[in-house]
Amino acid sequence: MSATSAATRTELPAAREGKPFKRRIGLGTWLLPAYVTIAFVFLLIPIVYTFIFSFNDSLKSNIVWRGFTFDNWLGICNQVEVCIAFGNSLLVGGTATLIATTLGTMIAIALVRYRFRFRSGISLLLFLPMATPEVVLAAGLAAEFLTAGVQKGLITIILAHTMFCLSFVVVTVKARVTTLDPALEEAGRDLYGSPTQVFWRVTFPLLLPGIVAAAMLSFALSFDDFIITYFNAGIVQTFPTYVYISAARGIPAQANVIASAVFIFAIAIVLIAQITNASRRKRLGLN
Amino acid sequence: MAFTAFSTGTAKEQAPRRKSKIALLLLLPGILYLLLFFLVPLVALIATSLQEPVPFGDFGQYQTAFRWQNYVEVITTYGDQIIRSFTYALLATIFALLFSYPIAYFIGVKCRQWPLLQNLLLVLVIAPFFISFLLRTLAWKSILADESFIVTGLKALSLMAPDAHFTGTPAAVVFGLTYNFIPFMTLPIYAALERLDTRLLEAGRDLYAKPATSFFKITVPLSMAGIVSGVLLTFIPAAGDYINASSRFLGGSSTSMIGNVIESNFLVSLNYPAAAALSIILMSIILVLVTAYVKRSGTEDLL
């Protein structure tokens, strides 16, 4: 009896020493993953909500659950206004992306490959639009269009979107140009490729992943932009301005359908890009 | 990260070729575009902010002047909204930082052995970006509405006063701002933590540092560049946002921020000088705060 108690007594300090260490492992292994799980559930709540209510058999406003239906998904254009606004968003996003990606790629190549004056001034000019609050950009453009007497409409929206997408394109493509090995282009020139041939056969294909990424980012930014659009749209509606204007009187379930469909589409693109990238890395033995 | 992308130093090592007409040709269209649609609008904004009403003119008619008084009037009229904007933005930035850091740490450090899981979690972090900003805010409005089960549940448990509301309060606006800008905070911190050398943490442990000590002395300083980027990417749009604070969304009549006032002055009451003056004030305060913050946090090379 006394021997066992003595034994436990001698074991005690050791156990106490081990205890904080054990608890630390417990904290690291369980608390953090548990928190992250809850955090992700929290982050996804509004997405799940929007998705579920795209199946709501609603009448005008889509707030109370009234039963399950596929009608909203099958008849997006039953709400003509939503449909037109969505079409405008695609048109604006596509055009602004095309212009911004072209101009931005040119700037990115120049920034990495060439030496020129006013370099820091140009860098600042590219950086500032990203550091300026959207509402200031919006009011500035609206003031400019007002002063110049330009009628607001699709054109002004596209001009505005191209402006704020441009800097993001430059950042994205520049990262790709920096990793490009100039020796590859030199090889092209050594093989008597003309500058245009070298560009289209060597430089452009190598830059393409960066350009595509920039274009997708630019389209996503344009598609979801509200503040700048609202200040410069006039009577034209894009998808976000439609949602804002209808928020007071109730948003039809078709808006949820469009948002959900865009969400699924975007996530699919991201996942496909990641899977192909992972398999490419595996093939090249990079991982 | 966006802020490091324009540092001039790194590009020189890439051996740029001599001055060239090609460089000019490549730069000219884009730079002209930015001058025309970024710089000229700022100048137009300054000019508008100093305009005065046309004497005996119509509603919304102004003429060029140097009416500095516009600024004084705007500050005295909308002082509350200006202060509120920066308070809400600051609170949202703090909450977003506290919320995001553990997630970024988990993805960037704990999940390193599983790159696939890492990528999947990153997709989940940016997932809210892919659902319309306005619709996800409206979703929260419905979820947190007075008749929603969360609010009725809290009231049944006496955790909320029976006549209390959540939507329309400052708390709801800060909540919405925090939620909407979490990805902007998480991604840069993740990018910094992903490069963290974990052997430094082992070294800290070997030298008998408590986990908390090595966290604050090693992990946090080494992820400072990410924190600074995240704070800027959250604070700037949050201060200028007016969706969350709008009474159609999570706000109420007493939560309007500087963005709401700019909108109503510009688009509703057609008081362009006031809206322009407020915009200039917002931008100046942000530039001052950002410069001071970047200098304080010792990461001047970011800009």
# chains A, B, ... in the order shown; residues from 1 in each chain; ligands from 1
$ select_by_dssp --residues "range 81-158 of chain B" --states "helix (DSSP H, G or I)" --output "JSON, numbers by chain"
{"B": [81, 82, 83, 84, 85, 86, 87, 88, 89, 90, 91, 92, 93, 94, 95, 96, 97, 98, 99, 100, 101, 102, 103, 104, 105, 106, 107, 108, 109, 110, 115, 116, 117, 118, 119, 120, 121, 122, 123, 124, 125, 126, 127, 128, 129, 130, 133, 134, 135, 136, 137, 138, 139, 140, 141, 142, 143, 149, 150, 151, 152, 153, 154, 155, 156]}
$ interface_residues --of "chain A" --to "chain B" --cutoff "7 Å" --atoms "only C-alpha atoms" --output "number ranges by chain"
A: 36, 44, 46-47, 49-50, 63, 103-104, 106-107, 110, 112-116, 120, 123, 131-136, 139-141, 143-144, 163, 171, 224, 240, 243, 247-248, 259-260, 263, 266
$ atom_distance --atom1 "CA of Leu74 in chain A" --atom2 "CA of Leu271 in chain A"
25.8 Å
$ atom_distance --atom1 "CA of Val151 in chain B" --atom2 "CA of Ala164 in chain B"
9.2 Å
$ atom_distance --atom1 "CA of Gln151 in chain A" --atom2 "CA of Cys165 in chain A"
22.1 Å
$ residues_around --residues "Leu98 in chain A" --least-positions-apart "6" --cutoff "10 Å" --atoms "only C-alpha atoms" --output "CSV table (one decimal) with C-alpha atoms, in the first residue's frame"
chain,number,residue,atom,x,y,z
A,92,VAL,CA,-19.5,45.2,-70.2
A,104,GLY,CA,-2.2,45.9,-69.2
A,162,THR,CA,-11.4,49.2,-68.1
A,215,ALA,CA,-8.5,38.3,-68.0
A,218,SER,CA,-10.6,41.4,-64.7
A,219,PHE,CA,-13.9,39.9,-65.7
$ residues_around --residues "Leu200 in chain B" --least-positions-apart "3" --cutoff "12 Å" --atoms "only C-alpha atoms" --output "PDB file with N, CA and C atoms, in the first residue's frame"
ATOM      1  N   ARG B 195       5.369  31.081 -46.647  1.00  0.00           N
ATOM      2  CA  ARG B 195       6.828  31.089 -46.795  1.00  0.00           C
ATOM      3  C   ARG B 195       7.548  31.033 -45.452  1.00  0.00           C
ATOM      4  N   LEU B 196       6.788  30.979 -44.352  1.00  0.00           N
ATOM      5  CA  LEU B 196       7.401  30.984 -43.016  1.00  0.00           C
ATOM      6  C   LEU B 196       8.241  29.723 -42.832  1.00  0.00           C
ATOM      7  N   ASP B 197       9.485  29.910 -42.405  1.00  0.00           N
ATOM      8  CA  ASP B 197      10.370  28.779 -42.172  1.00  0.00           C
ATOM      9  C   ASP B 197      10.053  28.192 -40.794  1.00  0.00           C
ATOM     10  N   ALA B 203      13.411  26.212 -33.430  1.00  0.00           N
ATOM     11  CA  ALA B 203      14.519  26.846 -32.711  1.00  0.00           C
ATOM     12  C   ALA B 203      14.006  27.566 -31.476  1.00  0.00           C
ATOM     13  N   GLY B 204      12.891  28.253 -31.608  1.00  0.00           N
ATOM     14  CA  GLY B 204      12.281  28.948 -30.486  1.00  0.00           C
ATOM     15  C   GLY B 204      11.918  27.983 -29.378  1.00  0.00           C
ATOM     16  N   ARG B 205      11.345  26.816 -29.779  1.00  0.00           N
ATOM     17  CA  ARG B 205      10.950  25.815 -28.788  1.00  0.00           C
ATOM     18  C   ARG B 205      12.193  25.250 -28.088  1.00  0.00           C
ATOM     19  N   ASP B 206      13.244  25.032 -28.887  1.00  0.00           N
ATOM     20  CA  ASP B 206      14.482  24.501 -28.303  1.00  0.00           C
ATOM     21  C   ASP B 206      15.056  25.460 -27.278  1.00  0.00           C
ATOM     22  N   LEU B 207      14.819  26.736 -27.478  1.00  0.00           N
ATOM     23  CA  LEU B 207      15.358  27.738 -26.537  1.00  0.00           C
ATOM     24  C   LEU B 207      14.339  28.033 -25.440  1.00  0.00           C
ATOM     25  N   ALA B 209      11.192  28.747 -25.438  1.00  0.00           N
ATOM     26  CA  ALA B 209      10.174  29.789 -25.582  1.00  0.00           C
ATOM     27  C   ALA B 209       8.798  29.148 -25.451  1.00  0.00           C
ATOM     28  N   SER B 214       6.902  32.368 -28.867  1.00  0.00           N
ATOM     29  CA  SER B 214       7.407  32.192 -30.228  1.00  0.00           C
ATOM     30  C   SER B 214       6.401  32.683 -31.251  1.00  0.00           C
ATOM     31  N   PHE B 215       5.113  32.622 -30.927  1.00  0.00           N
ATOM     32  CA  PHE B 215       4.116  33.154 -31.868  1.00  0.00           C
ATOM     33  C   PHE B 215       4.293  34.660 -32.056  1.00  0.00           C
ATOM     34  N   LYS B 217       6.915  36.529 -31.134  1.00  0.00           N
ATOM     35  CA  LYS B 217       8.275  36.990 -31.467  1.00  0.00           C
ATOM     36  C   LYS B 217       8.744  36.480 -32.822  1.00  0.00           C
ATOM     37  N   ILE B 218       8.167  35.393 -33.316  1.00  0.00           N
ATOM     38  CA  ILE B 218       8.647  34.829 -34.580  1.00  0.00           C
ATOM     39  C   ILE B 218       7.567  34.905 -35.665  1.00  0.00           C
ATOM     40  N   THR B 219       6.431  34.244 -35.396  1.00  0.00           N
ATOM     41  CA  THR B 219       5.424  34.107 -36.451  1.00  0.00           C
ATOM     42  C   THR B 219       4.869  35.467 -36.882  1.00  0.00           C
ATOM     43  N   LEU B 222       7.301  37.790 -38.786  1.00  0.00           N
ATOM     44  CA  LEU B 222       7.627  37.287 -40.117  1.00  0.00           C
ATOM     45  C   LEU B 222       6.444  37.354 -41.069  1.00  0.00           C
TER      46      LEU B 222
END
$ residues_around --residues "Phe199 in chain A" --least-positions-apart "5" --cutoff "12 Å" --atoms "only C-alpha atoms" --output "number ranges by chain"
A: 106, 109, 182, 184-186, 188-189, 193-194, 204-208
$ write_last_selection --atoms "C-alpha atoms" --output "mmCIF file, in the first residue's frame"
data_model
loop_
_atom_site.group_PDB
_atom_site.id
_atom_site.type_symbol
_atom_site.label_atom_id
_atom_site.label_comp_id
_atom_site.auth_asym_id
_atom_site.auth_seq_id
_atom_site.Cartn_x
_atom_site.Cartn_y
_atom_site.Cartn_z
ATOM 1 C CA MET A 106 1.710 45.766 -72.956
ATOM 2 C CA ILE A 109 6.064 43.701 -70.670
ATOM 3 C CA PRO A 182 14.927 35.973 -71.770
ATOM 4 C CA LEU A 184 14.181 31.673 -74.888
ATOM 5 C CA GLU A 185 13.536 34.836 -76.864
ATOM 6 C CA GLU A 186 17.228 35.197 -77.639
ATOM 7 C CA GLY A 188 14.235 32.685 -81.237
ATOM 8 C CA ARG A 189 16.191 35.695 -82.521
ATOM 9 C CA GLY A 193 12.915 34.943 -86.093
ATOM 10 C CA SER A 194 11.630 38.431 -86.816
ATOM 11 C CA PHE A 204 3.029 35.209 -76.142
ATOM 12 C CA PRO A 205 2.489 31.456 -75.625
ATOM 13 C CA LEU A 206 4.720 31.566 -72.543
ATOM 14 C CA LEU A 207 2.821 34.553 -71.139
ATOM 15 C CA LEU A 208 -0.591 33.095 -71.940
#
$ residues_around --residues "Gln63 in chain B" --least-positions-apart "6" --cutoff "7 Å" --atoms "only C-alpha atoms" --output "PDB file with C-alpha atoms, in the first residue's frame"
ATOM      1  CA  GLN B  51     -17.642  75.110 -57.606  1.00  0.00           C
ATOM      2  CA  GLU B  52     -20.423  77.449 -56.527  1.00  0.00           C
ATOM      3  CA  PRO B  53     -24.096  77.378 -57.485  1.00  0.00           C
ATOM      4  CA  VAL B  54     -25.046  79.370 -60.598  1.00  0.00           C
TER       5      VAL B  54
END
$ decode --residues "range 68-139 of chain A" --atoms "C-alpha atoms" --output "mmCIF file, in the first residue's frame"
data_model
loop_
_atom_site.group_PDB
_atom_site.id
_atom_site.type_symbol
_atom_site.label_atom_id
_atom_site.label_comp_id
_atom_site.auth_asym_id
_atom_site.auth_seq_id
_atom_site.Cartn_x
_atom_site.Cartn_y
_atom_site.Cartn_z
ATOM 1 C CA PHE A 68 -39.402 24.020 -53.954
ATOM 2 C CA THR A 69 -39.466 24.585 -57.708
ATOM 3 C CA PHE A 70 -37.201 24.388 -60.750
ATOM 4 C CA ASP A 71 -39.183 27.090 -62.544
ATOM 5 C CA ASN A 72 -36.709 29.883 -61.716
ATOM 6 C CA TRP A 73 -33.806 27.931 -63.181
ATOM 7 C CA LEU A 74 -35.764 26.974 -66.280
ATOM 8 C CA GLY A 75 -37.199 30.443 -66.868
ATOM 9 C CA ILE A 76 -34.472 32.974 -66.070
ATOM 10 C CA CYS A 77 -35.786 35.337 -68.711
ATOM 11 C CA ASN A 78 -39.329 35.243 -67.313
ATOM 12 C CA GLN A 79 -38.031 38.250 -65.429
ATOM 13 C CA VAL A 80 -36.996 40.306 -68.442
ATOM 14 C CA GLU A 81 -35.224 42.994 -66.416
ATOM 15 C CA VAL A 82 -32.904 40.466 -64.704
ATOM 16 C CA CYS A 83 -32.125 38.932 -68.044
ATOM 17 C CA ILE A 84 -31.252 42.267 -69.705
ATOM 18 C CA ALA A 85 -29.153 43.349 -66.720
ATOM 19 C CA PHE A 86 -27.264 40.044 -66.850
ATOM 20 C CA GLY A 87 -26.662 40.478 -70.582
ATOM 21 C CA ASN A 88 -25.339 43.997 -70.004
ATOM 22 C CA SER A 89 -22.989 42.702 -67.314
ATOM 23 C CA LEU A 90 -21.594 40.086 -69.701
ATOM 24 C CA LEU A 91 -21.166 42.681 -72.465
ATOM 25 C CA VAL A 92 -19.463 45.215 -70.167
ATOM 26 C CA GLY A 93 -17.280 42.551 -68.539
ATOM 27 C CA GLY A 94 -16.218 41.088 -71.880
ATOM 28 C CA THR A 95 -15.366 44.410 -73.530
ATOM 29 C CA ALA A 96 -13.619 45.924 -70.507
ATOM 30 C CA THR A 97 -11.628 42.717 -70.019
ATOM 31 C CA LEU A 98 -10.510 42.696 -73.654
ATOM 32 C CA ILE A 99 -9.285 46.308 -73.561
ATOM 33 C CA ALA A 100 -7.770 46.149 -70.065
ATOM 34 C CA THR A 101 -5.970 42.858 -70.743
ATOM 35 C CA THR A 102 -4.443 44.167 -73.987
ATOM 36 C CA LEU A 103 -3.274 47.496 -72.549
ATOM 37 C CA GLY A 104 -2.192 45.925 -69.237
ATOM 38 C CA THR A 105 -0.137 43.174 -70.879
ATOM 39 C CA MET A 106 1.710 45.766 -72.956
ATOM 40 C CA ILE A 107 2.514 47.794 -69.837
ATOM 41 C CA ALA A 108 3.621 44.697 -67.927
ATOM 42 C CA ILE A 109 6.064 43.701 -70.670
ATOM 43 C CA ALA A 110 7.459 47.240 -70.859
ATOM 44 C CA LEU A 111 7.869 47.451 -67.057
ATOM 45 C CA VAL A 112 9.934 44.275 -66.829
ATOM 46 C CA ARG A 113 11.825 44.344 -70.108
ATOM 47 C CA TYR A 114 12.663 47.955 -70.811
ATOM 48 C CA ARG A 115 14.374 50.865 -69.168
ATOM 49 C CA PHE A 116 12.647 54.231 -69.458
ATOM 50 C CA ARG A 117 12.256 57.563 -67.718
ATOM 51 C CA PHE A 118 9.530 58.419 -65.189
ATOM 52 C CA ARG A 119 9.518 54.798 -64.076
ATOM 53 C CA SER A 120 8.508 55.503 -60.465
ATOM 54 C CA GLY A 121 5.889 57.993 -61.618
ATOM 55 C CA ILE A 122 4.355 55.348 -63.872
ATOM 56 C CA SER A 123 4.467 52.770 -61.067
ATOM 57 C CA LEU A 124 2.645 55.214 -58.811
ATOM 58 C CA LEU A 125 0.047 55.909 -61.494
ATOM 59 C CA LEU A 126 -0.556 52.164 -61.773
ATOM 60 C CA PHE A 127 -0.688 51.639 -58.013
ATOM 61 C CA LEU A 128 -2.968 54.526 -57.034
ATOM 62 C CA PRO A 129 -6.202 53.260 -58.656
ATOM 63 C CA MET A 130 -5.933 50.135 -56.491
ATOM 64 C CA ALA A 131 -5.425 52.206 -53.327
ATOM 65 C CA THR A 132 -8.253 54.638 -54.016
ATOM 66 C CA PRO A 133 -11.678 53.915 -52.509
ATOM 67 C CA GLU A 134 -14.121 52.905 -55.206
ATOM 68 C CA VAL A 135 -16.558 55.673 -54.347
ATOM 69 C CA VAL A 136 -13.850 58.277 -55.071
ATOM 70 C CA LEU A 137 -13.065 56.716 -58.461
ATOM 71 C CA ALA A 138 -16.793 56.594 -59.125
ATOM 72 C CA ALA A 139 -17.448 60.229 -58.210
#
